[in-house]
>>> print(open('structure-v8.pdb').read())   # PDB, C-alpha atoms
ATOM      1  CA  MET A 933      53.049  92.146 -30.497  1.00  0.00           C
ATOM      2  CA  ASP A 934      49.645  93.147 -29.122  1.00  0.00           C
ATOM      3  CA  ILE A 935      48.744  96.521 -27.617  1.00  0.00           C
ATOM      4  CA  ILE A 936      49.300  95.346 -24.005  1.00  0.00           C
ATOM      5  CA  ASN A 937      52.855  94.218 -24.769  1.00  0.00           C
ATOM      6  CA  TRP A 938      53.524  97.499 -26.598  1.00  0.00           C
ATOM      7  CA  ILE A 939      52.405  99.461 -23.529  1.00  0.00           C
ATOM      8  CA  GLY A 940      54.632  97.312 -21.277  1.00  0.00           C
ATOM      9  CA  THR A 941      57.627  97.763 -23.585  1.00  0.00           C
ATOM     10  CA  LEU A 942      57.093 101.533 -23.788  1.00  0.00           C
ATOM     11  CA  ALA A 943      56.742 101.647 -19.981  1.00  0.00           C
ATOM     12  CA  GLY A 944      60.064  99.807 -19.596  1.00  0.00           C
ATOM     13  CA  VAL A 945      61.813 102.125 -22.055  1.00  0.00           C
ATOM     14  CA  PHE A 946      60.507 105.230 -20.236  1.00  0.00           C
ATOM     15  CA  THR A 947      61.433 104.091 -16.694  1.00  0.00           C
ATOM     16  CA  THR A 948      64.876 103.027 -17.955  1.00  0.00           C
ATOM     17  CA  ILE A 949      65.885 106.104 -20.000  1.00  0.00           C
ATOM     18  CA  ALA A 950      64.434 108.427 -17.304  1.00  0.00           C
ATOM     19  CA  PHE A 951      67.737 108.199 -15.402  1.00  0.00           C
ATOM     20  CA  ILE A 952      69.838 109.499 -18.326  1.00  0.00           C
ATOM     21  CA  PRO A 953      68.917 113.214 -17.848  1.00  0.00           C
ATOM     22  CA  GLN A 954      69.633 112.919 -14.096  1.00  0.00           C
ATOM     23  CA  VAL A 955      73.075 111.379 -14.765  1.00  0.00           C
ATOM     24  CA  ALA A 956      73.786 114.156 -17.318  1.00  0.00           C
ATOM     25  CA  LYS A 957      72.610 116.933 -14.977  1.00  0.00           C
ATOM     26  CA  THR A 958      74.574 115.694 -11.949  1.00  0.00           C
ATOM     27  CA  TRP A 959      77.670 115.108 -14.092  1.00  0.00           C
ATOM     28  CA  LYS A 960      77.461 118.623 -15.569  1.00  0.00           C
ATOM     29  CA  THR A 961      76.712 120.543 -12.366  1.00  0.00           C
ATOM     30  CA  ARG A 962      78.812 118.310 -10.044  1.00  0.00           C
ATOM     31  CA  SER A 963      76.143 119.088  -7.485  1.00  0.00           C
ATOM     32  CA  ALA A 964      73.918 116.498  -5.833  1.00  0.00           C
ATOM     33  CA  GLY A 965      72.858 118.238  -2.607  1.00  0.00           C
ATOM     34  CA  ASP A 966      69.125 117.921  -3.290  1.00  0.00           C
ATOM     35  CA  ILE A 967      69.348 114.242  -4.237  1.00  0.00           C
ATOM     36  CA  SER A 968      68.519 111.733  -1.493  1.00  0.00           C
ATOM     37  CA  LEU A 969      71.365 109.273  -0.805  1.00  0.00           C
ATOM     38  CA  LEU A 970      68.886 106.827   0.729  1.00  0.00           C
ATOM     39  CA  MET A 971      66.672 106.968  -2.385  1.00  0.00           C
ATOM     40  CA  PHE A 972      69.502 105.906  -4.708  1.00  0.00           C
ATOM     41  CA  LEU A 973      70.806 103.326  -2.200  1.00  0.00           C
ATOM     42  CA  LEU A 974      67.379 101.681  -1.954  1.00  0.00           C
ATOM     43  CA  PHE A 975      66.644 102.063  -5.680  1.00  0.00           C
ATOM     44  CA  SER A 976      69.983 100.622  -6.822  1.00  0.00           C
ATOM     45  CA  SER A 977      69.587  97.680  -4.380  1.00  0.00           C
ATOM     46  CA  GLY A 978      66.070  97.069  -5.705  1.00  0.00           C
ATOM     47  CA  VAL A 979      67.212  97.162  -9.340  1.00  0.00           C
ATOM     48  CA  LEU A 980      70.073  94.756  -8.481  1.00  0.00           C
ATOM     49  CA  LEU A 981      67.456  92.383  -7.034  1.00  0.00           C
ATOM     50  CA  TRP A 982      65.355  92.761 -10.241  1.00  0.00           C
ATOM     51  CA  LEU A 983      68.483  91.873 -12.214  1.00  0.00           C
ATOM     52  CA  ILE A 984      69.083  88.736 -10.094  1.00  0.00           C
ATOM     53  CA  TYR A 985      65.377  87.888 -10.511  1.00  0.00           C
ATOM     54  CA  GLY A 986      65.728  88.212 -14.305  1.00  0.00           C
ATOM     55  CA  VAL A 987      68.868  86.045 -14.345  1.00  0.00           C
ATOM     56  CA  LEU A 988      67.160  83.329 -12.254  1.00  0.00           C
ATOM     57  CA  LEU A 989      64.129  83.384 -14.591  1.00  0.00           C
ATOM     58  CA  GLN A 990      66.430  83.696 -17.649  1.00  0.00           C
ATOM     59  CA  ALA A 991      64.159  86.546 -18.790  1.00  0.00           C
ATOM     60  CA  MET A 992      66.201  88.664 -21.190  1.00  0.00           C
ATOM     61  CA  PRO A 993      63.947  91.811 -21.178  1.00  0.00           C
ATOM     62  CA  ILE A 994      64.174  91.983 -17.345  1.00  0.00           C
ATOM     63  CA  ILE A 995      67.967  91.479 -17.491  1.00  0.00           C
ATOM     64  CA  VAL A 996      68.558  94.131 -20.182  1.00  0.00           C
ATOM     65  CA  ALA A 997      66.228  96.818 -18.747  1.00  0.00           C
ATOM     66  CA  ASN A 998      67.516  96.395 -15.185  1.00  0.00           C
ATOM     67  CA  GLY A 999      71.150  96.096 -16.280  1.00  0.00           C
ATOM     68  CA  ILE A1000      70.913  99.513 -17.967  1.00  0.00           C
ATOM     69  CA  THR A1001      68.910 101.057 -15.093  1.00  0.00           C
ATOM     70  CA  LEU A1002      71.414  99.699 -12.532  1.00  0.00           C
ATOM     71  CA  SER A1003      74.400 101.244 -14.328  1.00  0.00           C
ATOM     72  CA  LEU A1004      72.606 104.631 -14.507  1.00  0.00           C
ATOM     73  CA  SER A1005      71.280 104.629 -10.953  1.00  0.00           C
ATOM     74  CA  ALA A1006      74.640 103.405  -9.558  1.00  0.00           C
ATOM     75  CA  SER A1007      76.353 106.297 -11.414  1.00  0.00           C
ATOM     76  CA  ILE A1008      74.051 108.782  -9.674  1.00  0.00           C
ATOM     77  CA  LEU A1009      74.772 107.041  -6.339  1.00  0.00           C
ATOM     78  CA  VAL A1010      78.559 107.306  -6.884  1.00  0.00           C
ATOM     79  CA  MET A1011      78.280 111.014  -7.832  1.00  0.00           C
ATOM     80  CA  LYS A1012      76.125 111.639  -4.739  1.00  0.00           C
ATOM     81  CA  ILE A1013      78.729 109.956  -2.471  1.00  0.00           C
ATOM     82  CA  LYS A1014      81.541 111.990  -4.115  1.00  0.00           C
ATOM     83  CA  ASP A1015      79.506 115.178  -3.575  1.00  0.00           C
ATOM     84  CA  LEU A1016      78.991 114.282   0.117  1.00  0.00           C
ATOM     85  CA  ARG A1017      82.749 113.695   0.528  1.00  0.00           C
ATOM     86  CA  ALA A1018      83.618 116.994  -1.190  1.00  0.00           C
ATOM     87  CA  GLN A1019      81.114 118.730   1.090  1.00  0.00           C
ATOM     88  CA  ARG A1020      82.728 117.141   4.178  1.00  0.00           C
ATOM     89  CA  ARG A1021      86.189 118.247   2.989  1.00  0.00           C
ATOM     90  CA  ARG A1022      84.957 121.826   2.503  1.00  0.00           C
ATOM     91  CA  GLN A1023      83.398 121.721   5.983  1.00  0.00           C
ATOM     92  CA  LEU A1024      86.640 120.443   7.532  1.00  0.00           C
ATOM     93  CA  ALA A1025      88.664 123.151   5.755  1.00  0.00           C
ATOM     94  CA  ALA A1026      86.228 125.819   6.977  1.00  0.00           C
ATOM     95  CA  ASP A1027      86.395 124.445  10.544  1.00  0.00           C
ATOM     96  CA  GLN A1028      90.209 124.586  10.492  1.00  0.00           C
ATOM     97  CA  ARG A1029      90.159 128.197   9.327  1.00  0.00           C
ATOM     98  CA  THR A1030      88.016 129.181  12.324  1.00  0.00           C
ATOM     99  CA  LEU A1031      90.284 127.345  14.793  1.00  0.00           C
TER     100      LEU A1031
ATOM    101  CA  MET B1174      56.354  81.256  -2.333  1.00  0.00           C
ATOM    102  CA  ASP B1175      59.664  80.091  -3.804  1.00  0.00           C
ATOM    103  CA  ILE B1176      62.978  81.960  -3.587  1.00  0.00           C
ATOM    104  CA  ILE B1177      62.614  83.564  -7.049  1.00  0.00           C
ATOM    105  CA  ASN B1178      59.241  85.077  -6.153  1.00  0.00           C
ATOM    106  CA  TRP B1179      60.658  86.312  -2.838  1.00  0.00           C
ATOM    107  CA  ILE B1180      63.497  88.077  -4.656  1.00  0.00           C
ATOM    108  CA  GLY B1181      61.024  89.659  -7.109  1.00  0.00           C
ATOM    109  CA  THR B1182      58.770  90.812  -4.252  1.00  0.00           C
ATOM    110  CA  LEU B1183      61.718  92.273  -2.307  1.00  0.00           C
ATOM    111  CA  ALA B1184      62.928  93.998  -5.507  1.00  0.00           C
ATOM    112  CA  GLY B1185      59.480  95.567  -5.992  1.00  0.00           C
ATOM    113  CA  VAL B1186      59.335  96.736  -2.359  1.00  0.00           C
ATOM    114  CA  PHE B1187      62.818  98.340  -2.641  1.00  0.00           C
ATOM    115  CA  THR B1188      62.229 100.167  -5.936  1.00  0.00           C
ATOM    116  CA  THR B1189      58.843 101.382  -4.619  1.00  0.00           C
ATOM    117  CA  ILE B1190      59.828 102.631  -1.136  1.00  0.00           C
ATOM    118  CA  ALA B1191      63.062 104.164  -2.536  1.00  0.00           C
ATOM    119  CA  PHE B1192      61.107 107.300  -3.479  1.00  0.00           C
ATOM    120  CA  ILE B1193      59.909 107.969   0.106  1.00  0.00           C
ATOM    121  CA  PRO B1194      63.247 109.463   1.358  1.00  0.00           C
ATOM    122  CA  GLN B1195      63.420 111.693  -1.762  1.00  0.00           C
ATOM    123  CA  VAL B1196      59.859 112.966  -1.183  1.00  0.00           C
ATOM    124  CA  ALA B1197      60.725 113.601   2.506  1.00  0.00           C
ATOM    125  CA  LYS B1198      64.005 115.379   1.676  1.00  0.00           C
ATOM    126  CA  THR B1199      62.502 117.630  -1.020  1.00  0.00           C
ATOM    127  CA  TRP B1200      59.484 118.418   1.196  1.00  0.00           C
ATOM    128  CA  LYS B1201      61.736 119.330   4.151  1.00  0.00           C
ATOM    129  CA  THR B1202      64.336 121.398   2.273  1.00  0.00           C
ATOM    130  CA  ARG B1203      61.886 122.904  -0.310  1.00  0.00           C
ATOM    131  CA  SER B1204      64.861 122.698  -2.665  1.00  0.00           C
ATOM    132  CA  ALA B1205      64.951 120.653  -5.855  1.00  0.00           C
ATOM    133  CA  GLY B1206      67.621 122.407  -7.911  1.00  0.00           C
ATOM    134  CA  ASP B1207      69.785 119.298  -8.359  1.00  0.00           C
ATOM    135  CA  ILE B1208      66.842 117.115  -9.369  1.00  0.00           C
ATOM    136  CA  SER B1209      66.279 116.616 -13.104  1.00  0.00           C
ATOM    137  CA  LEU B1210      62.785 117.704 -14.247  1.00  0.00           C
ATOM    138  CA  LEU B1211      63.112 115.496 -17.338  1.00  0.00           C
ATOM    139  CA  MET B1212      63.976 112.450 -15.189  1.00  0.00           C
ATOM    140  CA  PHE B1213      60.792 112.722 -13.138  1.00  0.00           C
ATOM    141  CA  LEU B1214      58.677 113.576 -16.214  1.00  0.00           C
ATOM    142  CA  LEU B1215      59.919 110.458 -18.039  1.00  0.00           C
ATOM    143  CA  PHE B1216      59.820 108.265 -14.919  1.00  0.00           C
ATOM    144  CA  SER B1217      56.284 109.293 -13.915  1.00  0.00           C
ATOM    145  CA  SER B1218      55.069 108.743 -17.515  1.00  0.00           C
ATOM    146  CA  GLY B1219      56.707 105.308 -17.540  1.00  0.00           C
ATOM    147  CA  VAL B1220      55.160 104.328 -14.207  1.00  0.00           C
ATOM    148  CA  LEU B1221      51.740 105.527 -15.454  1.00  0.00           C
ATOM    149  CA  LEU B1222      52.195 103.219 -18.471  1.00  0.00           C
ATOM    150  CA  TRP B1223      53.139 100.337 -16.105  1.00  0.00           C
ATOM    151  CA  LEU B1224      49.933 101.072 -14.165  1.00  0.00           C
ATOM    152  CA  ILE B1225      47.833 100.959 -17.373  1.00  0.00           C
ATOM    153  CA  TYR B1226      49.652  97.720 -18.317  1.00  0.00           C
ATOM    154  CA  GLY B1227      48.767  96.223 -14.916  1.00  0.00           C
ATOM    155  CA  VAL B1228      45.101  97.302 -15.231  1.00  0.00           C
ATOM    156  CA  LEU B1229      44.852  95.776 -18.742  1.00  0.00           C
ATOM    157  CA  LEU B1230      46.400  92.524 -17.474  1.00  0.00           C
ATOM    158  CA  GLN B1231      44.340  92.728 -14.244  1.00  0.00           C
ATOM    159  CA  ALA B1232      47.607  92.031 -12.379  1.00  0.00           C
ATOM    160  CA  MET B1233      47.138  93.328  -8.845  1.00  0.00           C
ATOM    161  CA  PRO B1234      50.865  93.367  -7.801  1.00  0.00           C
ATOM    162  CA  ILE B1235      51.744  95.547 -10.844  1.00  0.00           C
ATOM    163  CA  ILE B1236      48.784  97.864 -10.098  1.00  0.00           C
ATOM    164  CA  VAL B1237      49.612  98.267  -6.379  1.00  0.00           C
ATOM    165  CA  ALA B1238      53.394  98.742  -6.772  1.00  0.00           C
ATOM    166  CA  ASN B1239      53.065 101.215  -9.651  1.00  0.00           C
ATOM    167  CA  GLY B1240      50.136 103.044  -8.046  1.00  0.00           C
ATOM    168  CA  ILE B1241      52.293 103.772  -4.971  1.00  0.00           C
ATOM    169  CA  THR B1242      55.391 104.623  -7.060  1.00  0.00           C
ATOM    170  CA  LEU B1243      53.350 106.956  -9.288  1.00  0.00           C
ATOM    171  CA  SER B1244      51.990 108.921  -6.322  1.00  0.00           C
ATOM    172  CA  LEU B1245      55.523 109.315  -4.885  1.00  0.00           C
ATOM    173  CA  SER B1246      57.248 110.170  -8.161  1.00  0.00           C
ATOM    174  CA  ALA B1247      54.437 112.591  -9.153  1.00  0.00           C
ATOM    175  CA  SER B1248      54.859 114.329  -5.753  1.00  0.00           C
ATOM    176  CA  ILE B1249      58.559 114.876  -6.492  1.00  0.00           C
ATOM    177  CA  LEU B1250      57.635 116.160  -9.978  1.00  0.00           C
ATOM    178  CA  VAL B1251      55.125 118.652  -8.513  1.00  0.00           C
ATOM    179  CA  MET B1252      57.686 119.881  -5.926  1.00  0.00           C
ATOM    180  CA  LYS B1253      60.297 120.261  -8.692  1.00  0.00           C
ATOM    181  CA  ILE B1254      57.895 122.348 -10.824  1.00  0.00           C
ATOM    182  CA  LYS B1255      57.018 124.525  -7.779  1.00  0.00           C
ATOM    183  CA  ASP B1256      60.744 125.007  -7.109  1.00  0.00           C
ATOM    184  CA  LEU B1257      61.334 126.043 -10.743  1.00  0.00           C
ATOM    185  CA  ARG B1258      58.457 128.568 -10.519  1.00  0.00           C
ATOM    186  CA  ALA B1259      59.780 130.012  -7.239  1.00  0.00           C
ATOM    187  CA  GLN B1260      63.230 130.285  -8.841  1.00  0.00           C
ATOM    188  CA  ARG B1261      61.760 132.141 -11.842  1.00  0.00           C
ATOM    189  CA  ARG B1262      59.883 134.540  -9.504  1.00  0.00           C
ATOM    190  CA  ARG B1263      63.108 135.270  -7.590  1.00  0.00           C
ATOM    191  CA  GLN B1264      64.923 135.852 -10.892  1.00  0.00           C
ATOM    192  CA  LEU B1265      62.199 138.256 -12.093  1.00  0.00           C
ATOM    193  CA  ALA B1266      62.303 140.176  -8.800  1.00  0.00           C
ATOM    194  CA  ALA B1267      66.109 140.431  -9.034  1.00  0.00           C
ATOM    195  CA  ASP B1268      65.872 141.623 -12.666  1.00  0.00           C
ATOM    196  CA  GLN B1269      63.367 144.323 -11.688  1.00  0.00           C
ATOM    197  CA  ARG B1270      65.659 145.575  -8.917  1.00  0.00           C
ATOM    198  CA  THR B1271      68.477 146.049 -11.411  1.00  0.00           C
ATOM    199  CA  LEU B1272      66.235 147.931 -13.880  1.00  0.00           C
TER     200      LEU B1272
END
>>> encode(input="structure-v8.pdb", output="structure tokens")
Amino acid sequence: MDIINWIGTLAGVFTTIAFIPQVAKTWKTRSAGDISLLMFLLFSSGVLLWLIYGVLLQAMPIIVANGITLSLSASILVMKIKDLRAQRRRQLAADQRTL
Amino acid sequence: MDIINWIGTLAGVFTTIAFIPQVAKTWKTRSAGDISLLMFLLFSSGVLLWLIYGVLLQAMPIIVANGITLSLSASILVMKIKDLRAQRRRQLAADQRTL
């Protein structure tokens, strides 16, 4: 493999594993208030499209990298939605106490 | 442009613009506590490598998409580091009050 392919492979590894510490942090703290819902909605949709693109081209590196990234970014999205729901429940409970 | 190229282009647009709402949110709230520093360090490094890869291949779509993504993801990284520093200053001030 030449130097250009090595750089591309390293780039793919970095942008894929980058999501692991965010999944770990959000899982541990159960807090996602500073994370943008729209970011992870758009990003997960984009990565799903990359995955479809890879399947249509039968390009295994694109399929593998985007399959892993999709599972990580979708996990963050699910935790963000759960956090929003928990926040809404707390708000509702607080509103009922003031009634 | 055939359907496969359209899907790839749409995928690239989605994964690039996804970072705009996160930049906007972090800028507005000045709060980045739930964001993983390591995620944006790894992601920005990976995107920089993609940019170098695109320059070496002289592939304009890779250069443009990753140039935009790098500027957005580096902005989030800078805001996260500023937030960490502000947090440390607040902690130091609180420690001095208790001395």
>>> calpha_fit_and_write(input="structure-v8.pdb", fixed="chain B", moving="chain A", output="CSV table (one decimal) with C-alpha atoms, keeping the file's coordinate frame")
chain,number,residue,atom,x,y,z
A,933,MET,CA,56.3,81.3,-2.4
A,934,ASP,CA,59.7,80.1,-3.8
A,935,ILE,CA,63.0,81.9,-3.6
A,936,ILE,CA,62.6,83.5,-7.0
A,937,ASN,CA,59.2,85.1,-6.1
A,938,TRP,CA,60.7,86.3,-2.8
A,939,ILE,CA,63.5,88.0,-4.6
A,940,GLY,CA,61.0,89.6,-7.1
A,941,THR,CA,58.8,90.8,-4.2
A,942,LEU,CA,61.7,92.3,-2.3
A,943,ALA,CA,62.9,94.0,-5.5
A,944,GLY,CA,59.5,95.5,-6.0
A,945,VAL,CA,59.3,96.7,-2.4
A,946,PHE,CA,62.8,98.3,-2.6
A,947,THR,CA,62.2,100.1,-5.9
A,948,THR,CA,58.8,101.4,-4.6
A,949,ILE,CA,59.8,102.6,-1.1
A,950,ALA,CA,63.1,104.2,-2.6
A,951,PHE,CA,61.1,107.3,-3.5
A,952,ILE,CA,59.9,108.0,0.1
A,953,PRO,CA,63.2,109.5,1.3
A,954,GLN,CA,63.4,111.7,-1.8
A,955,VAL,CA,59.9,113.0,-1.2
A,956,ALA,CA,60.7,113.6,2.5
A,957,LYS,CA,64.0,115.4,1.7
A,958,THR,CA,62.5,117.6,-1.0
A,959,TRP,CA,59.5,118.4,1.2
A,960,LYS,CA,61.8,119.3,4.1
A,961,THR,CA,64.3,121.4,2.3
A,962,ARG,CA,61.9,122.9,-0.3
A,963,SER,CA,64.9,122.7,-2.7
A,964,ALA,CA,64.9,120.6,-5.9
A,965,GLY,CA,67.6,122.4,-7.9
A,966,ASP,CA,69.8,119.3,-8.4
A,967,ILE,CA,66.8,117.1,-9.4
A,968,SER,CA,66.3,116.6,-13.1
A,969,LEU,CA,62.8,117.7,-14.3
A,970,LEU,CA,63.1,115.5,-17.4
A,971,MET,CA,64.0,112.4,-15.2
A,972,PHE,CA,60.8,112.7,-13.1
A,973,LEU,CA,58.7,113.6,-16.2
A,974,LEU,CA,59.9,110.5,-18.0
A,975,PHE,CA,59.8,108.3,-14.9
A,976,SER,CA,56.3,109.3,-13.9
A,977,SER,CA,55.1,108.7,-17.5
A,978,GLY,CA,56.7,105.3,-17.5
A,979,VAL,CA,55.2,104.3,-14.2
A,980,LEU,CA,51.7,105.5,-15.5
A,981,LEU,CA,52.2,103.2,-18.5
A,982,TRP,CA,53.1,100.3,-16.1
A,983,LEU,CA,49.9,101.1,-14.2
A,984,ILE,CA,47.8,101.0,-17.4
A,985,TYR,CA,49.7,97.7,-18.3
A,986,GLY,CA,48.8,96.2,-14.9
A,987,VAL,CA,45.1,97.3,-15.2
A,988,LEU,CA,44.9,95.8,-18.7
A,989,LEU,CA,46.4,92.5,-17.5
A,990,GLN,CA,44.4,92.7,-14.2
A,991,ALA,CA,47.6,92.0,-12.4
A,992,MET,CA,47.2,93.3,-8.8
A,993,PRO,CA,50.9,93.4,-7.8
A,994,ILE,CA,51.7,95.6,-10.8
A,995,ILE,CA,48.8,97.9,-10.1
A,996,VAL,CA,49.6,98.3,-6.4
A,997,ALA,CA,53.4,98.8,-6.8
A,998,ASN,CA,53.1,101.2,-9.6
A,999,GLY,CA,50.1,103.1,-8.0
A,1000,ILE,CA,52.3,103.8,-5.0
A,1001,THR,CA,55.4,104.6,-7.1
A,1002,LEU,CA,53.3,107.0,-9.3
A,1003,SER,CA,52.0,108.9,-6.3
A,1004,LEU,CA,55.5,109.3,-4.9
A,1005,SER,CA,57.2,110.2,-8.2
A,1006,ALA,CA,54.4,112.6,-9.2
A,1007,SER,CA,54.9,114.3,-5.8
A,1008,ILE,CA,58.6,114.9,-6.5
A,1009,LEU,CA,57.6,116.2,-10.0
A,1010,VAL,CA,55.1,118.7,-8.5
A,1011,MET,CA,57.7,119.9,-5.9
A,1012,LYS,CA,60.3,120.3,-8.7
A,1013,ILE,CA,57.9,122.4,-10.8
A,1014,LYS,CA,57.0,124.5,-7.8
A,1015,ASP,CA,60.8,125.0,-7.1
A,1016,LEU,CA,61.3,126.0,-10.8
A,1017,ARG,CA,58.5,128.6,-10.5
A,1018,ALA,CA,59.8,130.0,-7.2
A,1019,GLN,CA,63.2,130.3,-8.9
A,1020,ARG,CA,61.7,132.1,-11.9
A,1021,ARG,CA,59.9,134.5,-9.5
A,1022,ARG,CA,63.1,135.3,-7.6
A,1023,GLN,CA,64.9,135.9,-10.9
A,1024,LEU,CA,62.2,138.2,-12.1
A,1025,ALA,CA,62.3,140.2,-8.8
A,1026,ALA,CA,66.1,140.4,-9.0
A,1027,ASP,CA,65.8,141.6,-12.6
A,1028,GLN,CA,63.3,144.3,-11.6
A,1029,ARG,CA,65.6,145.6,-8.9
A,1030,THR,CA,68.5,146.1,-11.4
A,1031,LEU,CA,66.2,148.0,-13.8
>>> residues_around(input="structure-v8.pdb", residues="Arg1258 in chain B", least_positions_apart="6", cutoff="12 Å", atoms="all atoms listed in the file", output="PDB file with C-alpha atoms, in the frame of the given file")
ATOM      1  CA  SER B1204      64.861 122.698  -2.665  1.00  0.00           C
ATOM      2  CA  ALA B1205      64.951 120.653  -5.855  1.00  0.00           C
ATOM      3  CA  GLY B1206      67.621 122.407  -7.911  1.00  0.00           C
ATOM      4  CA  VAL B1251      55.125 118.652  -8.513  1.00  0.00           C
ATOM      5  CA  MET B1252      57.686 119.881  -5.926  1.00  0.00           C
ATOM      6  CA  GLN B1264      64.923 135.852 -10.892  1.00  0.00           C
ATOM      7  CA  LEU B1265      62.199 138.256 -12.093  1.00  0.00           C
TER       8      LEU B1265
END
>>> interface_residues(input="structure-v8.pdb", of="chain B", to="chain A", cutoff="9 Å", atoms="all atoms listed in the file", output="VMD selection string")
chain B and resid 1177 to 1178 1180 to 1181 1183 to 1199 1202 1204 to 1227 1229 to 1230
